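Peer 1: I am sharing data10.cif, which consists of mmCIF, C-alpha atoms and all ligand atoms:
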```cif
data_start
loop_
_atom_site.group_PDB
_atom_site.id
_atom_site.type_symbol
_atom_site.label_atom_id
_atom_site.label_comp_id
_atom_site.auth_asym_id
_atom_site.auth_seq_id
_atom_site.Cartn_x
_atom_site.Cartn_y
_atom_site.Cartn_z
ATOM 1 C CA MET V 20 -48.563 8.789 54.900
ATOM 2 C CA GLU V 21 -48.858 6.886 51.641
ATOM 3 C CA ILE V 22 -45.625 5.012 51.165
ATOM 4 C CA ARG V 23 -46.516 1.935 49.162
ATOM 5 C CA ASP V 24 -46.196 3.682 45.799
ATOM 6 C CA GLY V 25 -42.650 4.731 46.651
ATOM 7 C CA LEU V 26 -43.403 8.445 46.771
ATOM 8 C CA GLY V 27 -44.253 9.234 50.394
ATOM 9 C CA LEU V 28 -40.782 9.562 51.911
ATOM 10 C CA SER V 29 -38.315 12.454 51.891
ATOM 11 C CA PRO V 30 -34.954 11.903 50.173
ATOM 12 C CA ARG V 31 -33.270 11.814 53.593
ATOM 13 C CA LYS V 32 -35.592 9.080 54.885
ATOM 14 C CA VAL V 33 -35.056 7.060 51.718
ATOM 15 C CA THR V 34 -31.299 7.338 52.221
ATOM 16 C CA TYR V 35 -31.594 6.236 55.855
ATOM 17 C CA LEU V 36 -33.756 3.225 55.006
ATOM 18 C CA ARG V 37 -31.345 2.126 52.300
ATOM 19 C CA TYR V 38 -28.522 2.468 54.815
ATOM 20 C CA PHE V 39 -30.423 0.327 57.352
ATOM 21 C CA PHE V 40 -30.983 -2.318 54.688
ATOM 22 C CA GLU V 41 -27.337 -2.371 53.630
ATOM 23 C CA ARG V 42 -26.033 -2.443 57.223
ATOM 24 C CA GLY V 43 -28.568 -4.970 58.556
ATOM 25 C CA GLY V 44 -29.617 -5.315 62.203
ATOM 26 C CA VAL V 45 -29.637 -2.499 64.748
ATOM 27 C CA VAL V 46 -28.007 0.758 63.686
ATOM 28 C CA LYS V 47 -27.051 3.215 66.404
ATOM 29 C CA THR V 48 -28.125 6.839 66.291
ATOM 30 C CA SER V 49 -24.479 7.870 66.703
ATOM 31 C CA ASP V 50 -23.476 5.788 63.649
ATOM 32 C CA LEU V 51 -26.125 7.523 61.552
ATOM 33 C CA ALA V 52 -25.065 10.931 62.868
ATOM 34 C CA THR V 53 -21.439 10.232 61.906
ATOM 35 C CA ARG V 54 -22.276 8.672 58.556
ATOM 36 C CA PHE V 55 -24.558 11.494 57.420
ATOM 37 C CA GLY V 56 -23.012 14.414 59.311
ATOM 38 C CA VAL V 57 -26.291 15.224 61.057
ATOM 39 C CA ASP V 58 -26.943 16.170 64.681
ATOM 40 C CA PRO V 59 -27.998 13.108 66.772
ATOM 41 C CA SER V 60 -31.160 14.902 67.970
ATOM 42 C CA THR V 61 -32.242 15.316 64.338
ATOM 43 C CA ILE V 62 -31.580 11.621 63.711
ATOM 44 C CA THR V 63 -33.637 10.662 66.775
ATOM 45 C CA LYS V 64 -36.586 12.692 65.498
ATOM 46 C CA THR V 65 -36.379 11.104 62.028
ATOM 47 C CA LEU V 66 -36.101 7.601 63.501
ATOM 48 C CA SER V 67 -39.208 8.123 65.597
ATOM 49 C CA GLU V 68 -41.129 9.338 62.513
ATOM 50 C CA LEU V 69 -40.055 6.229 60.615
ATOM 51 C CA SER V 70 -41.090 4.150 63.617
ATOM 52 C CA ASP V 71 -44.512 5.869 63.655
ATOM 53 C CA ALA V 72 -44.821 4.953 59.955
ATOM 54 C CA GLY V 73 -44.240 1.293 60.884
ATOM 55 C CA LEU V 74 -40.939 1.046 59.013
ATOM 56 C CA LEU V 75 -38.488 0.954 61.932
ATOM 57 C CA THR V 76 -38.447 -0.718 65.333
ATOM 58 C CA LEU V 77 -36.738 1.486 67.905
ATOM 59 C CA ALA V 78 -34.070 -0.305 69.933
ATOM 60 C CA PRO V 79 -32.941 0.422 73.492
ATOM 61 C CA TYR V 80 -29.826 2.597 73.874
ATOM 62 C CA HIS V 81 -30.518 4.912 70.952
ATOM 63 C CA GLY V 82 -30.797 2.930 67.778
ATOM 64 C CA ALA V 83 -33.286 1.193 65.524
ATOM 65 C CA SER V 84 -33.687 -1.650 63.058
ATOM 66 C CA LEU V 85 -36.001 -2.225 60.111
ATOM 67 C CA SER V 86 -39.411 -3.634 61.007
ATOM 68 C CA PRO V 87 -40.645 -6.560 58.861
ATOM 69 C CA ALA V 88 -42.661 -4.096 56.743
ATOM 70 C CA GLY V 89 -39.676 -1.748 56.655
ATOM 71 C CA MET V 90 -37.452 -4.558 55.420
ATOM 72 C CA ILE V 91 -39.739 -5.244 52.457
ATOM 73 C CA TYR V 92 -40.034 -1.578 51.672
ATOM 74 C CA ALA V 93 -36.305 -0.901 52.024
ATOM 75 C CA GLU V 94 -35.587 -3.739 49.614
ATOM 76 C CA PHE V 95 -37.699 -1.913 47.043
ATOM 77 C CA LEU V 96 -35.911 1.384 47.797
ATOM 78 C CA VAL V 97 -32.550 -0.292 47.181
ATOM 79 C CA LYS V 98 -33.822 -1.780 43.940
ATOM 80 C CA ARG V 99 -35.172 1.591 42.810
ATOM 81 C CA HIS V 100 -31.807 3.215 43.514
ATOM 82 C CA ARG V 101 -29.853 0.574 41.632
ATOM 83 C CA ILE V 102 -32.179 0.335 38.615
ATOM 84 C CA LEU V 103 -32.085 4.108 38.151
ATOM 85 C CA ALA V 104 -28.302 4.220 38.616
ATOM 86 C CA LEU V 105 -27.829 1.387 36.139
ATOM 87 C CA ALA V 106 -29.988 3.225 33.598
ATOM 88 C CA LEU V 107 -27.816 6.350 33.928
ATOM 89 C CA THR V 108 -24.619 4.351 33.415
ATOM 90 C CA HIS V 109 -26.028 3.315 30.028
ATOM 91 C CA TYR V 110 -25.911 6.992 29.064
ATOM 92 C CA GLY V 111 -22.355 7.921 29.876
ATOM 93 C CA LEU V 112 -22.179 8.309 33.647
ATOM 94 C CA SER V 113 -19.707 6.364 35.766
ATOM 95 C CA ASP V 114 -21.034 4.129 38.543
ATOM 96 C CA ASP V 115 -20.112 6.711 41.189
ATOM 97 C CA GLU V 116 -21.623 9.606 39.253
ATOM 98 C CA ALA V 117 -24.851 7.676 38.633
ATOM 99 C CA CYS V 118 -25.062 6.733 42.309
ATOM 100 C CA ALA V 119 -24.696 10.363 43.399
ATOM 101 C CA GLU V 120 -27.162 11.737 40.823
ATOM 102 C CA VAL V 121 -29.811 9.140 41.626
ATOM 103 C CA SER V 122 -29.502 9.854 45.349
ATOM 104 C CA ARG V 123 -30.836 13.339 44.612
ATOM 105 C CA PHE V 124 -34.019 12.361 42.737
ATOM 106 C CA GLU V 125 -34.816 8.703 43.456
ATOM 107 C CA SER V 126 -37.535 9.571 45.987
ATOM 108 C CA LEU V 127 -39.640 11.096 43.162
ATOM 109 C CA VAL V 128 -39.826 7.977 40.968
ATOM 110 C CA SER V 129 -42.877 5.740 41.391
ATOM 111 C CA ARG V 130 -42.834 2.034 42.095
ATOM 112 C CA ASP V 131 -44.774 1.347 38.917
ATOM 113 C CA ALA V 132 -42.183 3.165 36.785
ATOM 114 C CA ILE V 133 -39.383 1.156 38.415
ATOM 115 C CA ASN V 134 -41.193 -2.137 37.850
ATOM 116 C CA ARG V 135 -41.646 -1.330 34.181
ATOM 117 C CA MET V 136 -38.040 -0.152 33.766
ATOM 118 C CA CYS V 137 -36.828 -3.352 35.440
ATOM 119 C CA GLN V 138 -38.866 -5.421 32.989
ATOM 120 C CA ALA V 139 -37.629 -3.411 29.992
ATOM 121 C CA MET V 140 -34.020 -3.843 31.166
ATOM 122 C CA GLY V 141 -34.512 -7.617 31.456
ATOM 123 C CA HIS V 142 -34.317 -7.792 35.277
ATOM 124 C CA PRO V 143 -30.600 -7.093 35.682
ATOM 125 C CA HIS V 144 -28.954 -8.736 38.696
ATOM 126 C CA GLN V 145 -25.988 -6.434 39.167
ATOM 127 C CA GLY V 146 -26.088 -2.652 39.441
ATOM 128 C CA GLY V 147 -23.123 -0.297 39.719
ATOM 129 C CA CYS V 148 -23.392 -0.184 43.512
ATOM 130 C CA GLY V 149 -24.692 -3.650 44.354
ATOM 131 C CA LYS V 150 -26.961 -6.566 43.582
ATOM 132 C CA ILE V 151 -30.509 -5.994 42.318
ATOM 133 C CA THR V 152 -33.291 -8.218 43.617
ATOM 134 C CA HIS V 153 -36.658 -8.749 41.948
ATOM 135 C CA ASP V 154 -40.113 -9.227 43.383
ATOM 136 C CA THR V 155 -43.617 -9.941 42.191
ATOM 137 C CA GLY V 156 -43.964 -6.258 41.276
ATOM 138 C CA CYS V 157 -41.466 -6.387 38.420
ATOM 139 C CA LEU V 158 -41.616 -10.131 37.706
ATOM 140 C CA GLY V 159 -45.424 -10.142 37.667
ATOM 141 C CA HIS V 160 -47.916 -9.961 34.907
ATOM 142 C CA GLY V 161 -46.591 -7.559 32.301
ATOM 143 C CA ALA V 162 -46.379 -3.779 32.397
ATOM 144 C CA GLY V 163 -48.400 -2.338 35.208
ATOM 145 C CA ALA V 164 -47.857 -5.291 37.523
ATOM 146 C CA GLY V 165 -47.807 -4.117 41.078
ATOM 147 C CA LEU V 166 -50.832 -1.920 40.598
ATOM 148 C CA THR V 167 -53.657 -3.121 42.762
ATOM 149 C CA VAL V 168 -56.479 -2.659 40.260
ATOM 150 C CA PRO V 169 -58.009 -6.105 39.651
ATOM 151 C CA LEU V 170 -58.940 -7.086 36.123
ATOM 152 C CA PRO V 171 -62.707 -7.260 35.592
ATOM 153 C CA VAL V 172 -64.000 -10.801 35.308
ATOM 154 C CA PRO V 173 -66.881 -11.030 32.803
ATOM 155 C CA LYS V 174 -69.930 -12.860 34.095
ATOM 156 C CA GLU V 175 -71.538 -15.515 31.975
ATOM 157 C CA GLY V 176 -73.844 -13.941 29.409
ATOM 158 C CA GLU V 177 -72.469 -10.463 30.000
ATOM 159 C CA TYR V 178 -70.880 -10.303 26.557
ATOM 160 C CA PRO V 179 -72.708 -11.086 23.307
HETATM 161 ZN ZN ZN Z 1 -25.648 3.752 44.581
HETATM 162 ZN ZN ZN Z 2 -37.074 -7.046 38.017
#
```
Give the structure from the file, written as C-alpha cells.
Ligand SMILES: [Zn+2]
Ligand SMILES: [Zn+2]
Peer 2:
Amino acid sequence: MEIRDGLGLSPRKVTYLRYFFERGGVVKTSDLATRFGVDPSTITKTLSELSDAGLLTLAPYHGASLSPAGMIYAEFLVKRHRILALALTHYGLSDDEACAEVSRFESLVSRDAINRMCQAMGHPHQGGCGKITHDTGCLGHGAGAGLTVPLPVPKEGEYP
C-alpha cells in the first residue's frame, strides 16, 4: 500500500486516523464503534489493517494507538483536512459545512497539492476546525517541495 503521497487510504481510514490524532493515546474499539456508529467487529478488522500498514500499534483489551509513523502521517491528514476546509470557507461555506464536505473527498487530494495550497495560502495557523501545523513538505523549497526527485547536480565541465 502506497500511503506516503496521501492517496492510499480509504475515506473511513483517513477519518479514523484523524480521530486517533485528535484524541491522542490509546483509543478503545468500543469508543470508535460508538463514535462512528459501526459494528465493533468491523472496527477491529480496520484497526488490524492499519496496524499491518504500520500506522497503528494494537493495544491489549481491544484498542490501538498511533505508531510513530502513524503519528507523522496522521498529522499530515489533519493538515490536509483543515487546509481544504479553510479553502472552502473562502468560497461561501460555513466552517461546519466545509468540514463535512471535505470529509467526503479529502482522501483523493495528493500531498503535493496540499503542500502547494498551504504555500499559496501563506501557511495559515488556524482552520475552521482546529490548528494547522506545517512541516518541511509545505515549508520547504518552493512549489513541489515534498517530492522526492533530487535536483540534478551538474558535474564540472558538463556544461559549456
Ligand atoms: Zn473539520
Ligand atoms: Zn504550510
Peer 1: Please, which residues in region 54-119 of chain V fall within 9 Å of region 141-157 of chain V when counting all atoms listed in the file, and what is the closest atom pair and distance in Å to one decimal for each, ordered by chain then residue number, as a Markdown table?
Peer 2:
```
| residue | atom | partner | partner_atom | distance |
| --- | --- | --- | --- | --- |
| V:Glu94 | CA | V:Thr152 | CA | 7.8 |
| V:Phe95 | CA | V:Thr152 | CA | 8.4 |
| V:Val97 | CA | V:Ile151 | CA | 7.8 |
| V:Lys98 | CA | V:Ile151 | CA | 5.6 |
| V:Arg99 | CA | V:Ile151 | CA | 8.9 |
| V:Arg101 | CA | V:Gly146 | CA | 5.4 |
| V:Ile102 | CA | V:Gly146 | CA | 6.8 |
| V:Ala104 | CA | V:Gly147 | CA | 7.0 |
| V:Leu105 | CA | V:Gly146 | CA | 5.5 |
| V:Thr108 | CA | V:Gly147 | CA | 8.0 |
| V:Ser113 | CA | V:Gly147 | CA | 8.5 |
| V:Asp114 | CA | V:Gly147 | CA | 5.0 |
| V:Asp115 | CA | V:Gly147 | CA | 7.8 |
| V:Ala117 | CA | V:Gly147 | CA | 8.2 |
| V:Cys118 | CA | V:Cys148 | CA | 7.2 |
```
Peer 1: Can you work out which one of V:Ser129, V:Ser49, V:Ser84, V:Ser122 has the shortest atom-to-atom distance to ligand ZN 1 (chain Z), counting only C-alpha atoms and all ligand atoms?
Peer 2: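 Among V:Ser129, V:Ser49, V:Ser84, V:Ser122, it is V:Ser122 that comes nearest to ligand ZN 1 (chain Z).
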Peer 1: Interatomic distance between CA of Tyr38 (chain V) and CA of Ala72 (chain V)?
Peer 2: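 Those two atoms sit 17.3 Å apart.
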Peer 1: Go through V:Ile62, V:Met90, V:Ala83, V:Leu96 one by one, measure the shortest atom-to-atom distance of each to Thr34 (chain V) using only C-alpha atoms, and give the residue with the smallest value.
Peer 2: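 Looking at the shortest contact to Thr34 (chain V), the residue is V:Leu96.
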Peer 1: Given the file shown, enumerate the residues that the PyMOL selection byres (((chain V and resi 27) around 12) and not hetatm) captures and present them as a PyMOL selection string.
Peer 2: chain V and resi 20-26+28-33+69+72+92+96+125-130
Peer 1: Scan for residues within 12 Å of the point (-39.0, 7.0, 68.2) in the coordinates of the file, using all atoms listed in the file, and reply as JSON, numbers by chain.
Peer 2: {"V": [48, 60, 61, 62, 63, 64, 65, 66, 67, 68, 69, 70, 71, 72, 73, 74, 75, 76, 77, 78, 79, 80, 81, 82, 83, 84]}
Peer 1: For the atom pair CA of Leu103 (chain V) and CA of Ala132 (chain V), what is the interatomic distance in Å to one decimal place?
Peer 2: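 Separating CA of Leu103 (chain V) from CA of Ala132 (chain V) is a distance of 10.2 Å.
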Peer 1: Please indicate the distance in Å from CA of His100 (chain V) to atom ZN of ligand ZN 1 (chain Z), rounded to one decimal place.
Peer 2: 6.3 Å
